[in-house]
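Engineer: Below is one structure. I have some questions about it.
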Amino acid sequence: MWQLMILVSFIALWEISSKMYWVNPLLFSSPSEISSMLLKMFSDGSITTHIQVTLLETVLGFLIGTIAGNIFAVILWSSLRLSRILDPYLVILNAMPKVALAPIIIMAIGPGYVSIIAMGAIISAIITTLVVYTAFRDVDSNYEKVLKSFGANRRQIFREAVFPAALPSVISIMKVTIGLSWVGVIVGEFLTSKEGLGYLIIHGFKVFDFPLVISSLVMIAICAAIMYKIVEYVEKWLFKISN
Amino acid sequence: MTFLTLDRVSHYYFSKKNYTKTLDNISFSVKEGEIVTLLGPDGCGKSTILSIIAGIIKQTTGDVLIQQQPINKSESSIGYMLKQDSLFPWKTIIDNVLIGPKIGKNQTEAIIGEASHLLKEAGLINVTHLYPISLSNGMRQRVALIRTLITDPKIILLDEPFSILDYQTKVKLEDLMLRFLKMYNKTTILVTHDIGEAIAMSDRIILMDANTRSIEKTFEVPLELRDEAPFSVRKHPKYQLLFEKIWEELEVNMSKAKIVGQLNEA
């Protein structure tokens with residue numbers, strides 16, 4: 001109830017202040033103008049390709065990043081030596097703002113979808129690796145003791161104890177990386193693209209079409225929220241089947 | 001017949017500049033079907049002995065032999081039960097009990113039948129499809145006991161399995177555990193710092209010294225006490241006698257520790 005009221009009053013305030021010239025309507029536009037613009041763009045289909053492109057890039061970036069991050073965490077867990085050797089590099093990679101790598105990635109892979117997807121993937125893969133690996137390592141060692149006393153090998157220990165115990169962390173980091181993938185993809189689109197919501201934002205900014213910028217932002221917010229909800233449903237579903 | 005032998009086992013913990021002695025020259029042997037208790041204050045190395053027998057850590061010097069064989073060859077034949085039940089919260093009670101056979105790829109009809117028989121004996125037959133979270137501590141520890149027994153280990157290691165339970169639950173679990181151990185004629189090593197528990201459960205008590213990290217003294221539990229159940233044994237006159245003897249020994253030990261401590265400070 002309160003949540004809805006905040007939204008409604010925010011939109012109303014925005015509309016009023018724009019109409020009353022409290023803020024510059026040329027810069028901040030107004031909800032009515034944005035909604036009519038979005039309606040127009042949906043009805044003539046000019047925005048759908050942009051949404052499709054960005055969604056596809058984000059979903060792919062997110063999936064690749066998550067899968068790669070988890071695989072890498074498993075490799076680190078299975079080799080104590082490797083994890084010790086790579087530890088400082090992971091720390092540096094994690095501390096560094098990944099978007100700063102964007103120009104290098106674009107130069108290496110070439111401008112286009114692939115480097116944008118790579119941005120979305122890298123930004124989520126590194127944090128996934130770190131968080132999931134830490135979760136694996138922090139699993140109660142008594143579980144391992146019990147399984148070892150039954151003669152379990154590393155693989156069995158992983159399957160029976162480490163992975164199920166770390167599953168909540170695996171999923172909760174997915175909720176973070178879904179947002180990070182958006183960051184990677186939008187930055188990638190800022191730098192190199194002819195399509196996508198990130199491109200629309202930069203384009204609108206260049207030609208001084210601020211309603212276009214804000215419309216794109218609204219679409220990003222809606223899509224990101226929907227994807228977050230999907231991850232949440234996956235989480236609930238996974239907990240149901242694992243119980 | 002000697003089943004398990006520890007021959008001059010020592011364990012050192014090495015750091016960069018120094019080393020600490022965690023076990024010094026431990027030798028004892030356990031006969032088949034015998035229940036032996038390692039008794040001593042916290043930090044005397046009792047649990048380390050169990051970890052060495054279980055093959056989880058390696059001794060620095062000395063030999064551990066099970067039926068005259070070095071331990072690493074027969075790792076899977078050891079049942080290890082810990083302070084915390086360590087039941088897997090994402091598995092049902094029956095799946096928790098059957099994890100050992102699952103690891104050993106040995107989930108036969110006979111084993112499953114045996115599991116439900118034991119669960120019934122322990123009064124747990126109605127909770128087999130619940131998760132550990134909905135069970136009391138005592139029930140969970142009973143599940144952990146059955147999980148340990150079901151793989152039919154040659155030796156059972158019990159690391160303070162009663163320490164988190166309230167007194168009544170503890171004595172009841174002791175009863176059940178002793179009954180199971182005798183029924184299957186299991187060779188057992190129990191670790192505890194509770195004198196009463198040691199007398200109630202075991203045939204022999206090995207007292208450990210926390211200063212020297214070695215064996216201080218061995219007490220044979222009188223035959224009359226061995227056949228009593230843990231609940232009734234606590235009323236037996238000979239129980240009191242043995243209790244006081246061990247208590248005194250521990251007191252002497254502690255005052256020695258104090259003197260050593262003062263000498264080290266001076």
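Order determines the names: the first chain of the structure tokens is A, the second B, and so forth; residues in each chain are numbered 1 upward, and ligands are numbered 1 upward as they are shown.
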Select, as a list in words, those residues of chain B with any atom no more than 7 Å from chain A (distances computed using only C-alpha atoms).
Structural biologist: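 Within 7 Å of chain A on chain B, we get Ala54, Glu75, Ser76, Ile78, Gly79, Tyr80, Ser86, Trp90, Gly100 and Ile103 of chain B.
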Engineer: For the selection just defined, write its residues with N, CA and C atoms to a file, as a short mmCIF file (atom, residue, chain, number, x, y, z; two decimals), in the first residue's frame.
Structural biologist:
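Contents of selection_18.cif, freshly written:
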```cif
data_model
loop_
_atom_site.label_atom_id
_atom_site.label_comp_id
_atom_site.auth_asym_id
_atom_site.auth_seq_id
_atom_site.Cartn_x
_atom_site.Cartn_y
_atom_site.Cartn_z
N ALA B 54 40.94 -42.48 12.94
CA ALA B 54 40.03 -42.38 11.80
C ALA B 54 40.76 -42.10 10.50
N GLU B 75 40.32 -47.61 5.94
CA GLU B 75 39.72 -46.35 6.36
C GLU B 75 38.19 -46.40 6.46
N SER B 76 37.59 -47.10 5.52
CA SER B 76 36.13 -47.06 5.46
C SER B 76 35.48 -47.90 6.55
N ILE B 78 35.64 -47.53 9.66
CA ILE B 78 35.60 -46.81 10.93
C ILE B 78 34.37 -45.92 10.99
N GLY B 79 33.63 -46.02 12.09
CA GLY B 79 32.46 -45.17 12.28
C GLY B 79 32.82 -44.07 13.26
N TYR B 80 32.56 -42.85 12.85
CA TYR B 80 33.00 -41.70 13.64
C TYR B 80 31.78 -40.87 14.01
N SER B 86 25.91 -33.41 13.24
CA SER B 86 26.32 -33.25 11.84
C SER B 86 25.40 -33.99 10.88
N TRP B 90 19.56 -30.94 4.65
CA TRP B 90 18.78 -31.02 3.42
C TRP B 90 18.38 -32.45 3.09
N GLY B 100 25.91 -43.40 4.44
CA GLY B 100 27.10 -44.27 4.41
C GLY B 100 27.02 -45.32 3.32
N ILE B 103 27.38 -43.73 -0.09
CA ILE B 103 28.78 -43.42 -0.44
C ILE B 103 29.49 -44.70 -0.88
#
```
Engineer: Counting only C-alpha atoms, what is within 12 Å of segment 195-208 of chain A, bar same-chain residues fewer than 2 positions away, as a VMD selection string?
Structural biologist: chain A and resid 26 to 29 46 to 58 112 to 113 116 182 to 193 210 to 221 223
Engineer: May I have all residues of segment 123-264 of chain B that DSSP, computed from the backbone, assigns to helix (DSSP H, G or I), given as a VMD selection string?
Structural biologist: chain B and resid 125 to 127 132 to 134 137 to 149 167 to 183 195 to 201 223 to 226 230 to 233 237 to 264
Engineer: Please provide the set of residues having any atom within 10 Å of segment 229-231 of chain A, restricted to only C-alpha atoms, with same-chain residues fewer than 2 positions apart removed, written as a PyMOL selection string.
Structural biologist: chain A and resi 171-172+174-175+178+223-227+233-237
Engineer: Take the residues just selected and output them with N, CA and C atoms as a short mmCIF file (atom, residue, chain, number, x, y, z; two decimals), in the first residue's frame.
Structural biologist:
```cif
data_model
loop_
_atom_site.label_atom_id
_atom_site.label_comp_id
_atom_site.auth_asym_id
_atom_site.auth_seq_id
_atom_site.Cartn_x
_atom_site.Cartn_y
_atom_site.Cartn_z
N ILE A 171 22.71 -19.09 -5.02
CA ILE A 171 21.54 -18.40 -5.54
C ILE A 171 21.54 -16.93 -5.15
N SER A 172 21.95 -16.64 -3.91
CA SER A 172 21.87 -15.24 -3.50
C SER A 172 22.86 -14.38 -4.29
N MET A 174 23.44 -14.86 -7.35
CA MET A 174 22.77 -14.65 -8.64
C MET A 174 21.90 -13.41 -8.62
N LYS A 175 21.32 -13.13 -7.45
CA LYS A 175 20.48 -11.93 -7.35
C LYS A 175 21.31 -10.67 -7.49
N ILE A 178 22.71 -10.51 -11.43
CA ILE A 178 21.73 -10.15 -12.45
C ILE A 178 21.76 -8.63 -12.64
N CYS A 223 12.55 -4.10 -17.10
CA CYS A 223 13.13 -5.39 -17.48
C CYS A 223 13.99 -5.97 -16.35
N ALA A 224 14.81 -5.10 -15.72
CA ALA A 224 15.69 -5.58 -14.65
C ALA A 224 14.86 -6.14 -13.49
N ALA A 225 13.76 -5.44 -13.17
CA ALA A 225 12.91 -5.91 -12.07
C ALA A 225 12.31 -7.27 -12.41
N ILE A 226 11.87 -7.42 -13.67
CA ILE A 226 11.27 -8.70 -14.06
C ILE A 226 12.30 -9.83 -13.95
N MET A 227 13.53 -9.56 -14.44
CA MET A 227 14.56 -10.60 -14.37
C MET A 227 14.89 -10.96 -12.93
N TYR A 233 12.02 -16.50 -8.30
CA TYR A 233 11.17 -17.69 -8.47
C TYR A 233 12.01 -18.95 -8.60
N VAL A 234 13.11 -18.83 -9.37
CA VAL A 234 14.01 -19.98 -9.51
C VAL A 234 14.51 -20.41 -8.13
N GLU A 235 14.86 -19.43 -7.31
CA GLU A 235 15.33 -19.71 -5.95
C GLU A 235 14.29 -20.51 -5.17
N LYS A 236 13.05 -20.01 -5.19
CA LYS A 236 11.99 -20.70 -4.44
C LYS A 236 11.78 -22.11 -4.96
N TRP A 237 11.81 -22.23 -6.29
CA TRP A 237 11.59 -23.52 -6.92
C TRP A 237 12.70 -24.50 -6.54
#
```
Engineer: Choose the residue, out of B:Asp209, B:Ile49, B:Glu197, B:Ile35, that has the smallest atom-to-atom separation from Leu181 of chain B; count only C-alpha atoms.
Structural biologist: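 Closest residue, counting only C-alpha atoms: B:Ile35.
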Engineer: Could you please determine the separation between atom CA of Gly179 of chain A and atom CA of Ile104 of chain A in Å, to one decimal place?
Structural biologist: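 So the two atoms, atom CA of Gly179 of chain A and atom CA of Ile104 of chain A, lie 22.2 Å apart.
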Engineer: From the set B:Lys83, B:Glu244, B:Ser134, B:His11, which residue has the shortest atom-to-atom contact distance to Ile164 of chain B, counting only C-alpha atoms?
Structural biologist: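 Nearest to Ile164 of chain B: B:Lys83.
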Engineer: When you look at Leu180 of chain A with a cut-off of 12 Å (counting only C-alpha atoms), what residues show up, excluding the ones that are within fewer than 6 positions of it in the same chain? I need them as an MDAnalysis selection string.
Structural biologist: chainID A and resid 58:59 61:63 65:66 97:99 119:128 173:174 186:187 224 228
Engineer: Please produce a file of those selected residues containing C-alpha atoms, as a PDB file, in the first residue's frame.
Structural biologist:
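Below you can see out_19.pdb, which holds the result:
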```pdb
ATOM      1  CA  THR A  58      21.974  -9.341 -20.556  1.00  0.00           C
ATOM      2  CA  VAL A  59      20.500 -12.812 -20.212  1.00  0.00           C
ATOM      3  CA  GLY A  61      25.975 -12.341 -20.175  1.00  0.00           C
ATOM      4  CA  PHE A  62      24.350 -13.297 -16.898  1.00  0.00           C
ATOM      5  CA  LEU A  63      24.080 -16.999 -17.745  1.00  0.00           C
ATOM      6  CA  GLY A  65      29.002 -15.339 -16.177  1.00  0.00           C
ATOM      7  CA  THR A  66      27.123 -17.410 -13.622  1.00  0.00           C
ATOM      8  CA  PRO A  97      36.136  -1.862 -11.591  1.00  0.00           C
ATOM      9  CA  LYS A  98      35.423  -4.299 -14.409  1.00  0.00           C
ATOM     10  CA  VAL A  99      33.829  -1.655 -16.633  1.00  0.00           C
ATOM     11  CA  MET A 119      31.217  -7.400 -20.542  1.00  0.00           C
ATOM     12  CA  GLY A 120      28.040  -8.673 -18.916  1.00  0.00           C
ATOM     13  CA  ALA A 121      29.656 -12.061 -18.338  1.00  0.00           C
ATOM     14  CA  ILE A 122      32.996 -10.906 -16.912  1.00  0.00           C
ATOM     15  CA  ILE A 123      31.451  -8.464 -14.500  1.00  0.00           C
ATOM     16  CA  SER A 124      29.342 -11.260 -12.963  1.00  0.00           C
ATOM     17  CA  ALA A 125      31.762 -14.170 -13.345  1.00  0.00           C
ATOM     18  CA  ILE A 126      34.480 -12.804 -11.063  1.00  0.00           C
ATOM     19  CA  ILE A 127      32.265 -11.963  -8.116  1.00  0.00           C
ATOM     20  CA  THR A 128      30.422 -15.279  -8.569  1.00  0.00           C
ATOM     21  CA  ILE A 173      24.902 -14.142  -5.527  1.00  0.00           C
ATOM     22  CA  MET A 174      22.769 -14.654  -8.644  1.00  0.00           C
ATOM     23  CA  ILE A 186      24.651  -1.021 -20.732  1.00  0.00           C
ATOM     24  CA  VAL A 187      28.233   0.219 -20.493  1.00  0.00           C
ATOM     25  CA  ALA A 224      15.686  -5.581 -14.645  1.00  0.00           C
ATOM     26  CA  TYR A 228      15.202 -10.217 -10.657  1.00  0.00           C
TER      27      TYR A 228
END
```
Engineer: Please indicate the distance in Å from atom CA of Glu160 of chain B to atom CA of Asn25 of chain B, rounded to one decimal place.
Structural biologist: 22.8 Å
